[in-house]
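Pasted below: entry26.cif, mmCIF, C-alpha atoms.
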data_run
#
loop_
_atom_site.label_atom_id
_atom_site.label_comp_id
_atom_site.auth_asym_id
_atom_site.auth_seq_id
_atom_site.Cartn_x
_atom_site.Cartn_y
_atom_site.Cartn_z
CA MET A 1 21.87 -28.55 -22.78
CA SER A 2 18.57 -27.43 -21.37
CA LYS A 3 17.60 -31.07 -21.04
CA LEU A 4 20.72 -31.82 -19.00
CA PHE A 5 19.64 -29.29 -16.40
CA SER A 6 15.90 -29.77 -16.68
CA LYS A 7 13.69 -29.18 -13.68
CA GLU A 8 13.63 -32.88 -12.81
CA ASN A 9 17.38 -33.13 -12.96
CA ARG A 10 17.85 -30.08 -10.81
CA GLN A 11 15.43 -31.64 -8.38
CA VAL A 12 17.46 -34.87 -8.39
CA PHE A 13 20.52 -32.85 -7.44
CA ALA A 14 18.93 -30.48 -4.92
CA ALA A 15 16.64 -32.81 -2.98
CA PRO A 16 19.40 -34.65 -1.12
CA LEU A 17 20.93 -31.35 -0.08
CA ASN A 18 17.89 -30.35 1.91
CA LEU A 19 14.53 -32.11 2.03
CA ASP A 20 15.84 -35.57 1.26
CA ASN A 21 19.20 -35.29 2.98
CA PRO A 22 20.78 -38.72 3.55
CA ILE A 23 21.88 -37.89 7.09
CA LEU A 24 19.20 -35.48 8.27
CA ILE A 25 16.12 -37.17 6.84
CA GLN A 26 17.08 -40.72 5.97
CA VAL A 27 19.54 -40.96 8.91
CA LEU A 28 22.02 -43.01 6.87
CA GLY A 29 25.80 -43.07 7.14
CA ILE A 30 25.80 -42.05 10.79
CA CYS A 31 28.69 -44.24 11.91
CA SER A 32 31.27 -42.54 9.71
CA ALA A 33 29.71 -39.14 10.47
CA LEU A 34 30.47 -39.73 14.15
CA ALA A 35 33.90 -41.23 13.66
CA VAL A 36 35.73 -38.76 11.46
CA THR A 37 34.35 -35.43 12.65
CA ALA A 38 36.63 -34.72 15.62
CA GLN A 39 38.46 -32.28 13.35
CA LEU A 40 37.42 -30.34 10.28
CA GLU A 41 40.04 -31.53 7.81
CA PRO A 42 39.29 -35.28 7.89
CA ALA A 43 35.58 -34.40 7.78
CA ILE A 44 36.09 -32.44 4.55
CA VAL A 45 38.23 -35.16 2.98
CA MET A 46 35.79 -37.86 4.03
CA GLY A 47 32.89 -35.85 2.60
CA LEU A 48 34.66 -35.32 -0.72
CA SER A 49 35.75 -38.97 -0.93
CA VAL A 50 32.19 -40.15 -0.37
CA THR A 51 30.91 -37.64 -2.95
CA VAL A 52 33.36 -38.82 -5.58
CA ILE A 53 32.73 -42.49 -4.86
CA THR A 54 28.94 -42.13 -4.78
CA ALA A 55 28.93 -40.20 -8.06
CA PHE A 56 31.20 -42.57 -9.96
CA SER A 57 29.76 -45.80 -8.60
CA ASN A 58 26.31 -44.43 -9.49
CA VAL A 59 27.47 -43.73 -13.06
CA ILE A 60 29.15 -47.12 -13.48
CA ILE A 61 26.21 -49.07 -12.10
CA SER A 62 23.81 -46.99 -14.19
CA LEU A 63 25.81 -47.72 -17.35
CA ILE A 64 25.80 -51.47 -16.80
CA ARG A 65 22.41 -51.67 -15.08
CA LYS A 66 20.73 -53.47 -18.00
CA THR A 67 23.39 -56.17 -18.14
CA ILE A 68 23.59 -56.93 -14.41
CA PRO A 69 22.08 -60.32 -13.59
CA ASN A 70 19.34 -59.68 -11.08
CA ARG A 71 20.39 -62.38 -8.65
CA ILE A 72 23.90 -61.03 -8.07
CA ARG A 73 23.18 -57.31 -8.44
CA ILE A 74 24.08 -56.47 -4.82
CA ILE A 75 27.39 -58.30 -5.20
CA ILE A 76 28.18 -56.43 -8.42
CA GLN A 77 27.34 -53.10 -6.74
CA LEU A 78 29.58 -54.03 -3.84
CA VAL A 79 32.45 -54.97 -6.16
CA VAL A 80 32.19 -51.64 -8.00
CA VAL A 81 32.08 -49.66 -4.74
CA ALA A 82 34.92 -51.65 -3.20
CA ALA A 83 37.11 -51.14 -6.26
CA LEU A 84 36.50 -47.37 -6.25
CA VAL A 85 37.12 -47.12 -2.50
CA THR A 86 40.39 -49.01 -2.81
CA ILE A 87 41.50 -46.70 -5.62
CA VAL A 88 40.62 -43.58 -3.58
CA SER A 89 42.44 -45.02 -0.59
CA MET A 90 45.55 -45.66 -2.70
CA ILE A 91 45.41 -42.14 -4.14
CA LEU A 92 45.17 -40.67 -0.65
CA THR A 93 48.17 -42.67 0.56
CA ALA A 94 50.16 -41.46 -2.42
CA PHE A 95 49.21 -37.78 -2.38
CA ALA A 96 47.71 -36.91 1.03
CA TYR A 97 49.50 -39.22 3.42
CA ASP A 98 48.73 -37.32 6.64
CA VAL A 99 45.03 -37.32 5.88
CA SER A 100 45.04 -40.99 4.96
CA VAL A 101 46.67 -41.79 8.32
CA GLN A 102 43.99 -39.78 10.09
CA LEU A 103 41.13 -41.40 8.21
CA SER A 104 42.83 -44.81 8.55
CA VAL A 105 40.13 -47.47 8.60
CA TYR A 106 37.26 -45.15 7.75
CA VAL A 107 38.19 -44.87 4.08
CA GLY A 108 37.80 -48.62 3.85
CA LEU A 109 34.52 -48.33 5.70
CA ILE A 110 33.08 -46.12 2.95
CA ILE A 111 32.30 -49.48 1.33
CA THR A 112 29.80 -50.19 4.07
CA ASN A 113 28.37 -46.67 4.04
CA CYS A 114 24.65 -47.25 3.64
CA ILE A 115 24.24 -44.09 1.53
CA LEU A 116 26.20 -45.67 -1.30
CA MET A 117 24.38 -48.97 -1.46
CA GLY A 118 21.10 -47.14 -0.91
CA ARG A 119 21.63 -44.83 -3.89
CA LEU A 120 22.86 -47.63 -6.14
CA GLU A 121 19.91 -49.86 -5.38
CA ALA A 122 17.25 -47.15 -5.24
CA PHE A 123 18.41 -44.81 -8.01
CA ALA A 124 21.22 -45.96 -10.29
CA MET A 125 19.59 -49.30 -11.07
CA MET A 126 16.62 -47.48 -12.59
CA ASN A 127 17.98 -44.25 -14.06
CA GLY A 128 20.38 -43.09 -16.74
CA PRO A 129 24.04 -42.24 -16.11
CA TRP A 130 23.63 -38.45 -16.09
CA GLU A 131 20.75 -38.44 -13.59
CA SER A 132 22.65 -40.97 -11.50
CA PHE A 133 25.73 -38.79 -11.55
CA LEU A 134 23.73 -35.79 -10.31
CA ASP A 135 22.06 -37.94 -7.69
CA GLY A 136 25.46 -39.18 -6.49
CA ILE A 137 26.96 -35.70 -6.30
CA GLY A 138 23.86 -34.39 -4.54
CA ASN A 139 23.81 -37.14 -1.93
CA GLY A 140 27.56 -36.96 -1.43
CA LEU A 141 27.46 -33.19 -0.87
CA GLY A 142 24.41 -33.54 1.35
CA TYR A 143 26.46 -35.93 3.46
CA ALA A 144 29.61 -33.81 3.25
CA TYR A 145 28.17 -30.53 4.45
CA ILE A 146 26.65 -32.12 7.56
CA LEU A 147 30.07 -33.64 8.31
CA VAL A 148 31.66 -30.23 7.88
CA ILE A 149 29.16 -28.58 10.25
CA VAL A 150 29.67 -31.23 12.93
CA GLY A 151 33.45 -31.25 12.37
CA ALA A 152 33.69 -27.47 12.63
CA VAL A 153 31.70 -27.31 15.88
CA ARG A 154 33.69 -30.15 17.43
CA GLU A 155 37.10 -28.83 16.46
CA LEU A 156 36.28 -25.27 17.52
CA LEU A 157 34.87 -26.21 20.93
CA GLY A 158 37.07 -29.27 21.50
CA SER A 159 40.48 -27.96 20.48
CA GLY A 160 39.92 -24.23 19.91
CA THR A 161 41.13 -24.50 16.32
CA LEU A 162 39.73 -24.73 12.78
CA LEU A 163 41.71 -26.68 10.17
CA GLY A 164 44.57 -26.59 12.67
CA PHE A 165 44.63 -22.78 13.01
CA THR A 166 44.05 -21.43 16.48
CA ILE A 167 40.78 -19.50 16.65
CA ILE A 168 40.19 -19.03 20.36
CA PRO A 169 42.54 -16.20 21.43
CA GLU A 170 45.17 -16.78 24.12
CA GLY A 171 43.42 -14.18 26.25
CA ALA A 172 40.34 -16.37 26.56
CA TYR A 173 42.41 -19.21 28.04
CA ALA A 174 44.09 -16.77 30.39
CA ALA A 175 40.64 -15.63 31.51
CA GLY A 176 39.74 -19.20 32.43
CA TYR A 177 38.25 -20.61 29.20
CA VAL A 178 38.88 -24.34 28.87
CA ASN A 179 38.55 -26.51 25.75
CA ASN A 180 35.72 -28.99 26.10
CA GLY A 181 37.42 -32.38 25.96
CA MET A 182 34.01 -34.05 25.62
CA MET A 183 33.75 -32.55 22.14
CA THR A 184 36.53 -34.81 20.88
CA MET A 185 34.53 -37.90 21.89
CA PRO A 186 32.14 -39.59 19.44
CA ALA A 187 29.27 -39.21 21.92
CA MET A 188 29.24 -35.44 21.44
CA ALA A 189 29.15 -35.90 17.68
CA LEU A 190 25.89 -37.78 18.11
CA ILE A 191 24.46 -34.98 20.26
CA ILE A 192 25.54 -32.26 17.80
CA LEU A 193 24.13 -34.30 14.95
CA GLY A 194 20.89 -34.61 16.90
CA CYS A 195 20.80 -30.82 17.31
CA VAL A 196 21.42 -30.30 13.58
CA ILE A 197 18.57 -32.67 12.73
CA TRP A 198 16.32 -30.89 15.25
CA VAL A 199 17.05 -27.46 13.77
CA HIS A 200 16.57 -28.78 10.23
CA ARG A 201 13.24 -30.40 11.04
CA SER A 202 11.84 -27.38 12.85
CA ILE A 203 12.73 -25.15 9.88
CA ASN A 204 11.16 -27.55 7.40
CA LYS A 205 8.09 -28.49 9.42
CA GLU A 206 5.68 -26.81 6.99
CA GLU A 207 7.15 -28.24 3.80
CA LYS A 208 7.13 -31.80 5.07
CA LYS A 209 3.36 -31.77 5.46
CA MET B 210 19.53 -61.97 -30.18
CA LYS B 211 18.19 -61.41 -26.71
CA ILE B 212 20.36 -62.71 -23.89
CA ASN B 213 18.61 -64.11 -20.86
CA THR B 214 20.25 -62.15 -18.05
CA ASN B 215 18.78 -64.50 -15.48
CA SER B 216 20.36 -67.71 -16.72
CA ASN B 217 23.01 -69.41 -14.60
CA THR B 218 25.64 -69.37 -17.35
CA TYR B 219 25.20 -65.64 -17.90
CA THR B 220 25.42 -64.91 -14.19
CA ILE B 221 28.62 -66.91 -13.74
CA VAL B 222 30.31 -65.49 -16.85
CA TYR B 223 29.29 -61.97 -15.84
CA ALA B 224 30.68 -62.39 -12.34
CA CYS B 225 33.97 -63.72 -13.73
CA ILE B 226 34.38 -60.84 -16.16
CA VAL B 227 33.65 -58.23 -13.49
CA VAL B 228 36.14 -59.76 -11.09
CA ILE B 229 38.88 -59.97 -13.73
CA VAL B 230 38.35 -56.38 -14.90
CA VAL B 231 38.37 -55.04 -11.34
CA ALA B 232 41.44 -57.08 -10.40
CA PHE B 233 43.40 -55.71 -13.36
CA LEU B 234 42.30 -52.17 -12.61
CA LEU B 235 43.35 -52.37 -8.96
CA ALA B 236 46.66 -53.98 -9.79
CA PHE B 237 47.36 -51.24 -12.33
CA VAL B 238 46.53 -48.36 -9.97
CA SER B 239 48.46 -49.99 -7.16
CA SER B 240 51.65 -50.36 -9.18
CA ALA B 241 51.27 -46.88 -10.70
CA LEU B 242 51.07 -45.28 -7.24
CA LYS B 243 53.62 -47.50 -5.53
CA ALA B 244 56.54 -45.08 -5.67
CA PRO B 245 54.85 -42.00 -4.12
CA SER B 246 53.12 -44.09 -1.41
CA GLU B 247 56.35 -45.71 -0.32
CA ALA B 248 58.12 -42.36 -0.31
CA ASN B 249 55.39 -41.02 1.98
CA VAL B 250 55.75 -43.94 4.37
CA ARG B 251 59.53 -43.39 4.53
CA ILE B 252 59.16 -39.67 5.14
CA ASP B 253 56.63 -40.34 7.88
CA LYS B 254 59.00 -42.78 9.61
CA LYS B 255 61.89 -40.31 9.39
CA LYS B 256 59.65 -37.61 10.84
CA GLN B 257 58.85 -39.85 13.80
CA ILE B 258 62.54 -40.55 14.43
CA LEU B 259 63.32 -36.82 14.27
CA ALA B 260 60.40 -36.09 16.63
CA SER B 261 61.94 -38.40 19.25
CA LEU B 262 65.07 -36.22 19.02
CA ASN B 263 62.86 -33.18 19.75
CA ILE B 264 63.15 -32.02 16.15
CA ARG B 265 59.50 -31.43 15.35
CA GLY B 266 57.50 -29.66 12.71
CA VAL B 267 59.95 -30.32 9.88
CA GLU B 268 58.46 -29.66 6.42
CA ASP B 269 57.97 -32.81 4.34
CA SER B 270 60.42 -31.55 1.73
CA GLN B 271 63.09 -30.95 4.38
CA VAL B 272 62.73 -34.30 6.16
CA GLU B 273 65.20 -36.24 4.00
CA SER B 274 68.01 -33.69 4.33
CA GLU B 275 67.38 -33.13 8.04
CA TYR B 276 67.40 -36.88 8.64
CA SER B 277 70.68 -37.45 6.82
CA ARG B 278 72.20 -34.50 8.69
CA VAL B 279 71.22 -35.83 12.13
CA VAL B 280 71.42 -39.60 11.77
CA VAL B 281 74.93 -41.04 11.62
CA ALA B 282 74.12 -44.74 11.18
CA ASP B 283 71.17 -47.14 11.37
CA GLU B 284 72.80 -50.11 13.03
CA ILE B 285 71.23 -53.50 13.57
CA VAL B 286 72.18 -55.13 16.85
CA ASN B 287 71.11 -58.29 18.66
CA ALA B 288 70.15 -58.91 22.27
CA GLN B 289 73.76 -59.92 23.07
CA GLY B 290 74.82 -56.40 22.16
CA THR B 291 76.71 -57.41 19.01
CA VAL B 292 76.41 -55.02 16.09
CA VAL B 293 75.20 -57.20 13.21
CA ASN B 294 75.08 -54.46 10.62
CA GLU B 295 76.81 -51.11 10.87
CA GLY B 296 74.22 -49.35 8.74
CA LYS B 297 76.53 -46.89 7.04
CA ASN B 298 73.89 -45.86 4.50
CA LYS B 299 71.71 -44.28 7.18
CA ASP B 300 68.41 -45.51 5.80
CA GLN B 301 69.05 -48.86 4.14
CA ASP B 302 69.60 -51.26 7.04
CA GLY B 303 68.14 -50.56 10.47
CA PHE B 304 65.70 -48.14 8.90
CA ALA B 305 64.38 -50.83 6.59
CA VAL B 306 63.44 -53.08 9.54
CA ASP B 307 59.67 -52.94 9.83
CA ARG B 308 58.31 -52.73 13.36
CA LYS B 309 56.67 -56.12 12.84
CA GLU B 310 60.07 -57.66 12.07
CA MET B 311 61.85 -56.60 15.24
CA THR B 312 63.16 -59.65 17.14
CA ALA B 313 65.96 -60.27 19.63
CA ASP B 314 68.34 -60.77 16.69
CA ASN B 315 67.08 -57.88 14.62
CA LEU B 316 67.05 -54.67 16.66
CA PRO B 317 67.66 -51.37 14.90
CA VAL B 318 69.55 -48.56 16.66
CA PHE B 319 69.73 -45.10 15.12
CA VAL B 320 72.99 -43.49 16.13
CA CYS B 321 72.47 -39.75 15.84
CA ASN B 322 74.42 -36.60 16.29
CA VAL B 323 72.51 -33.60 17.62
CA ASN B 324 74.58 -30.44 18.11
CA GLY B 325 77.78 -32.47 18.49
CA GLU B 326 76.36 -34.90 21.03
CA THR B 327 75.73 -38.57 20.31
CA LYS B 328 72.18 -39.78 20.84
CA TYR B 329 70.78 -43.29 20.44
CA VAL B 330 67.26 -43.73 19.12
CA LEU B 331 65.61 -47.07 19.88
CA PRO B 332 62.42 -48.11 18.11
CA LEU B 333 59.70 -49.61 20.30
CA VAL B 334 56.55 -51.52 19.57
CA GLY B 335 53.89 -52.81 21.93
CA LYS B 336 50.21 -53.19 22.70
CA GLY B 337 47.94 -50.40 23.84
CA LEU B 338 44.35 -50.87 24.89
CA TRP B 339 42.83 -51.53 21.46
CA GLY B 340 45.70 -52.10 19.08
CA THR B 341 49.35 -51.65 18.31
CA ILE B 342 51.30 -48.73 19.76
CA TRP B 343 54.83 -47.83 18.78
CA GLY B 344 57.38 -45.17 19.33
CA TYR B 345 61.01 -44.07 19.39
CA LEU B 346 63.00 -43.45 22.54
CA ALA B 347 66.05 -41.20 22.20
CA LEU B 348 68.76 -41.71 24.83
CA ASN B 349 71.61 -39.39 25.75
CA ASP B 350 75.17 -40.52 25.06
CA ASP B 351 75.50 -41.85 28.63
CA CYS B 352 72.78 -44.41 27.75
CA ARG B 353 71.25 -43.82 31.16
CA THR B 354 68.83 -40.97 30.59
CA VAL B 355 66.14 -40.14 28.06
CA TYR B 356 66.73 -37.33 25.59
CA GLY B 357 63.29 -37.40 23.98
CA ALA B 358 60.44 -39.67 23.01
CA TYR B 359 57.81 -40.11 20.35
CA PHE B 360 54.77 -42.36 20.50
CA SER B 361 52.00 -43.16 18.11
CA HIS B 362 49.17 -45.63 17.93
CA GLN B 363 46.81 -47.43 15.63
CA SER B 364 43.44 -47.23 17.34
CA GLU B 365 43.60 -45.90 20.91
CA THR B 366 40.54 -44.03 22.21
CA ALA B 367 40.29 -40.57 20.66
CA GLY B 368 40.83 -37.86 23.25
CA LEU B 369 42.19 -40.28 25.87
CA GLY B 370 44.69 -42.95 24.82
CA SER B 371 45.37 -41.08 21.59
CA LEU B 372 46.92 -38.29 23.67
CA ILE B 373 50.16 -40.31 23.77
CA THR B 374 50.87 -38.72 20.38
CA GLU B 375 50.84 -35.26 21.96
CA GLU B 376 54.05 -33.43 22.73
CA LYS B 377 52.93 -32.74 26.29
CA PHE B 378 52.94 -36.43 27.20
CA GLN B 379 56.09 -37.19 25.22
CA ASN B 380 57.97 -34.36 26.93
CA GLU B 381 57.31 -36.07 30.27
CA PHE B 382 60.03 -38.56 29.36
CA LYS B 383 62.79 -36.00 28.86
CA GLY B 384 65.67 -36.44 31.30
CA LYS B 385 64.20 -39.50 33.05
CA LYS B 386 66.62 -42.16 34.29
CA ILE B 387 66.06 -45.46 32.49
CA THR B 388 68.10 -47.86 34.65
CA ASP B 389 69.43 -47.93 38.20
CA ASP B 390 73.04 -48.71 39.05
CA ALA B 391 72.36 -52.45 39.06
CA GLY B 392 71.09 -52.21 35.49
CA ASN B 393 67.39 -52.76 36.25
CA VAL B 394 64.93 -50.78 34.17
CA VAL B 395 63.38 -48.19 36.48
CA ILE B 396 61.67 -45.71 34.16
CA ASP B 397 57.93 -45.78 34.84
CA VAL B 398 54.67 -44.21 33.76
CA VAL B 399 52.36 -43.69 36.72
CA LYS B 400 48.74 -42.59 37.04
CA TYR B 401 48.10 -38.93 36.35
CA GLY B 402 49.21 -36.77 39.27
CA LYS B 403 50.78 -39.63 41.24
CA VAL B 404 54.45 -38.90 40.54
CA THR B 405 56.51 -39.43 43.68
CA ASP B 406 59.99 -39.73 42.15
CA PRO B 407 60.41 -37.25 39.29
CA THR B 408 63.81 -38.70 38.27
CA THR B 409 62.25 -41.92 37.00
CA GLN B 410 58.46 -41.49 36.92
CA CYS B 411 56.52 -39.90 34.08
CA ASP B 412 53.07 -38.45 34.61
CA GLY B 413 50.41 -40.52 32.86
CA ILE B 414 47.21 -39.38 31.18
CA SER B 415 44.03 -39.30 33.20
CA GLY B 416 41.48 -41.70 31.71
CA ALA B 417 44.11 -43.53 29.69
CA THR B 418 45.77 -45.76 32.27
CA LEU B 419 45.68 -48.89 30.12
CA THR B 420 47.26 -47.16 27.13
CA THR B 421 49.99 -45.56 29.25
CA ASN B 422 50.60 -48.92 30.95
CA GLY B 423 51.10 -50.25 27.44
CA VAL B 424 53.66 -47.51 26.81
CA ARG B 425 55.49 -48.46 30.01
CA ASP B 426 55.46 -52.19 29.23
CA MET B 427 56.71 -51.51 25.72
CA ILE B 428 59.62 -49.40 27.03
CA HIS B 429 60.49 -52.05 29.64
CA GLN B 430 60.37 -54.87 27.11
CA TYR B 431 62.66 -53.16 24.62
CA LEU B 432 65.07 -51.67 27.12
CA GLY B 433 65.43 -55.27 28.33
CA MET B 434 66.26 -56.45 24.82
CA TYR B 435 68.71 -53.57 24.21
CA LYS B 436 70.28 -53.99 27.67
CA ALA B 437 73.57 -55.54 26.51
CA TYR B 438 74.05 -52.94 23.79
CA LEU B 439 73.30 -50.06 26.16
CA GLN B 440 75.66 -51.38 28.84
CA GLN B 441 78.51 -51.38 26.32
CA HIS B 442 77.88 -47.71 25.56
CA GLN B 443 77.16 -46.51 29.08
CA LYS B 444 79.33 -43.77 30.44
#

Encoded form (structure tokens):
Amino acid sequence: MSKLFSKENRQVFAAPLNLDNPILIQVLGICSALAVTAQLEPAIVMGLSVTVITAFSNVIISLIRKTIPNRIRIIIQLVVVAALVTIVSMILTAFAYDVSVQLSVYVGLIITNCILMGRLEAFAMMNGPWESFLDGIGNGLGYAYILVIVGAVRELLGSGTLLGFTIIPEGAYAAGYVNNGMMTMPAMALIILGCVIWVHRSINKEEKK
Amino acid sequence: MKINTNSNTYTIVYACIVVIVVAFLLAFVSSALKAPSEANVRIDKKKQILASLNIRGVEDSQVESEYSRVVVADEIVNAQGTVVNEGKNKDQDGFAVDRKEMTADNLPVFVCNVNGETKYVLPLVGKGLWGTIWGYLALNDDCRTVYGAYFSHQSETAGLGSLITEEKFQNEFKGKKITDDAGNVVIDVVKYGKVTDPTTQCDGISGATLTTNGVRDMIHQYLGMYKAYLQQHQK
């Protein structure tokens, strides 16, 4: 048991949450981060879907890594990811229809999310299933919480709600407060993301050196 | 025995096995989840029809009963105004017509009864700026004025064209006259703030002129196709 949560393994899990964050440091997976963060709920679902898919595709690739012919390894990785994405998409249509309508094409686009292919190629091809699982969960959550931050800011300032519940009181509107329509546009997501990266880098300036 | 994982034979066999395994897996999941997915699609469509009748915010579990309470028949008519199918089952005939299958000979009409008054709901489908848009237009029993409307879209610009799904825009259509006395379609969507004749013109969305033009064209196209049917029912 102690081996399962050894220092190295904890490091594998924790690094992508902070110092090796896929979005903040590696700047991967930006396109979906911009597209689905106009509201909080799709951002959460997208984050969880990516976490689940990264973790399981990491495990599967790690299990079969020694049998994969080197010349078609990218194709095999893609097939595994595509199959998992299709299954997640079908599950969403069956059990969370509203969310699947909102995410529409972006669930399919998880296949092209660079975080996934990056982790498969860089980690799962060389490590055991358990480490790969932790790495997948870590990277997925690292991606998810940035999406949640951006989604929360955009929904709060753009529509005055969080998860569909009104947060900004009626009185504020009566006093002349107006929702910022710009916040619902992808351009603002890029700017907020830029701010998040800026804050993160200024906090971690020392540790990076 | 050590297998050479770089040989051509191994690569081809490996690829075949992976593809077959994945294909079986996907087919299995797809058929296992078919029933709940289709039920969701049906509920969503019924919700949209109810929304056009200004019945909004119905819980998913209540949609089926509310729909069968309100909708009297889902007829199929053709452009000559003949009723091809009376649609007595409410959701087996006109309801089953996919929006991609609507042609001049295959036009669904949902005959509804809201608080004792007959309403006609016409499905619409057209092109927005980036992709398909669709909607339902509910007409009063005189077949001359709009009772309510619902629109949705596939990929209109978020925050601009996508606002056609909002109640505020859809409510613009309430009470508008669809045709003049000569039978020409007169209902119109104009640029935001440019309404000169509130009996026929709906206020558009600023920054979404092309999407709202698409909404107008879609309404004109389908009211043209339903013309004969509507004239028979006009009061």

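Using all atoms listed in the file for every distance, the candidate list B:Ser274, B:Thr366, B:Asn287, B:Gln440 yields B:Ser274 as the residue closest to B:Lys299.
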
Item to check | Selection dump of the PyMOL selection byres ((chain B) within 9 of (chain A)), as a VMD selection string | outcome: chain B and resid 213 to 216 219 to 220 223 to 224 227 to 228 231 to 232 234 to 235 238 to 239 242 to 250 253 363 366 to 369

Next on the checklist: For this structure, which residues satisfy the selection - the PyMOL selection byres ((chain A and resi 154) around 10) - when it is evaluated on the file as given? I want them as a ChimeraX atom specification.
Outcome noted: /A:37-40,148-153,155-162,180-186,188-189,192

Next on the checklist: So the first atom is atom CA of B:Thr408 and the second is atom CA of B:Lys386; what is the distance between them in Å, to one decimal place?
Outcome noted: 6.0 Å

Next on the checklist: Here's a test: counting only C-alpha atoms, identify every protein, DNA and RNA residue with an atom at most 12 Å from (23.2, -44.5, -2.8) in the file's coordinate frame, and state them as an NGL selection string.
Outcome noted: :A and (16 or 21-23 or 26 or 28-29 or 50-59 or 61-62 or 77-78 or 81 or 110-125 or 132-140 or 142-143)

Item to check | d(atom CA of A:Ile60, atom CA of A:Gly128) in Å | outcome: 10.2 Å

Item to check | d(atom CA of B:Gln271, atom CA of B:Glu310) in Å | outcome: 28.0 Å

Residue IDs satisfying the PyMOL selection byres ((chain B and resi 415) around 9), as a compact mmCIF listing (two decimals) with C-alpha atoms, keeping the file's coordinate frame:
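Saved as result-v9.txt:
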# COMPACT_ATOMS: atom_id res chain seq x y z
CA LEU B 369 42.19 -40.28 25.87
CA LYS B 400 48.74 -42.59 37.04
CA TYR B 401 48.10 -38.93 36.35
CA GLY B 402 49.21 -36.77 39.27
CA GLY B 413 50.41 -40.52 32.86
CA ILE B 414 47.21 -39.38 31.18
CA GLY B 416 41.48 -41.70 31.71
CA ALA B 417 44.11 -43.53 29.69
CA THR B 418 45.77 -45.76 32.27

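Among B:Ser361, B:Gln410, B:Asn263, B:Thr291, the residue with the shortest atom-to-atom distance to B:Lys436, counting all atoms listed in the file, is B:Thr291.
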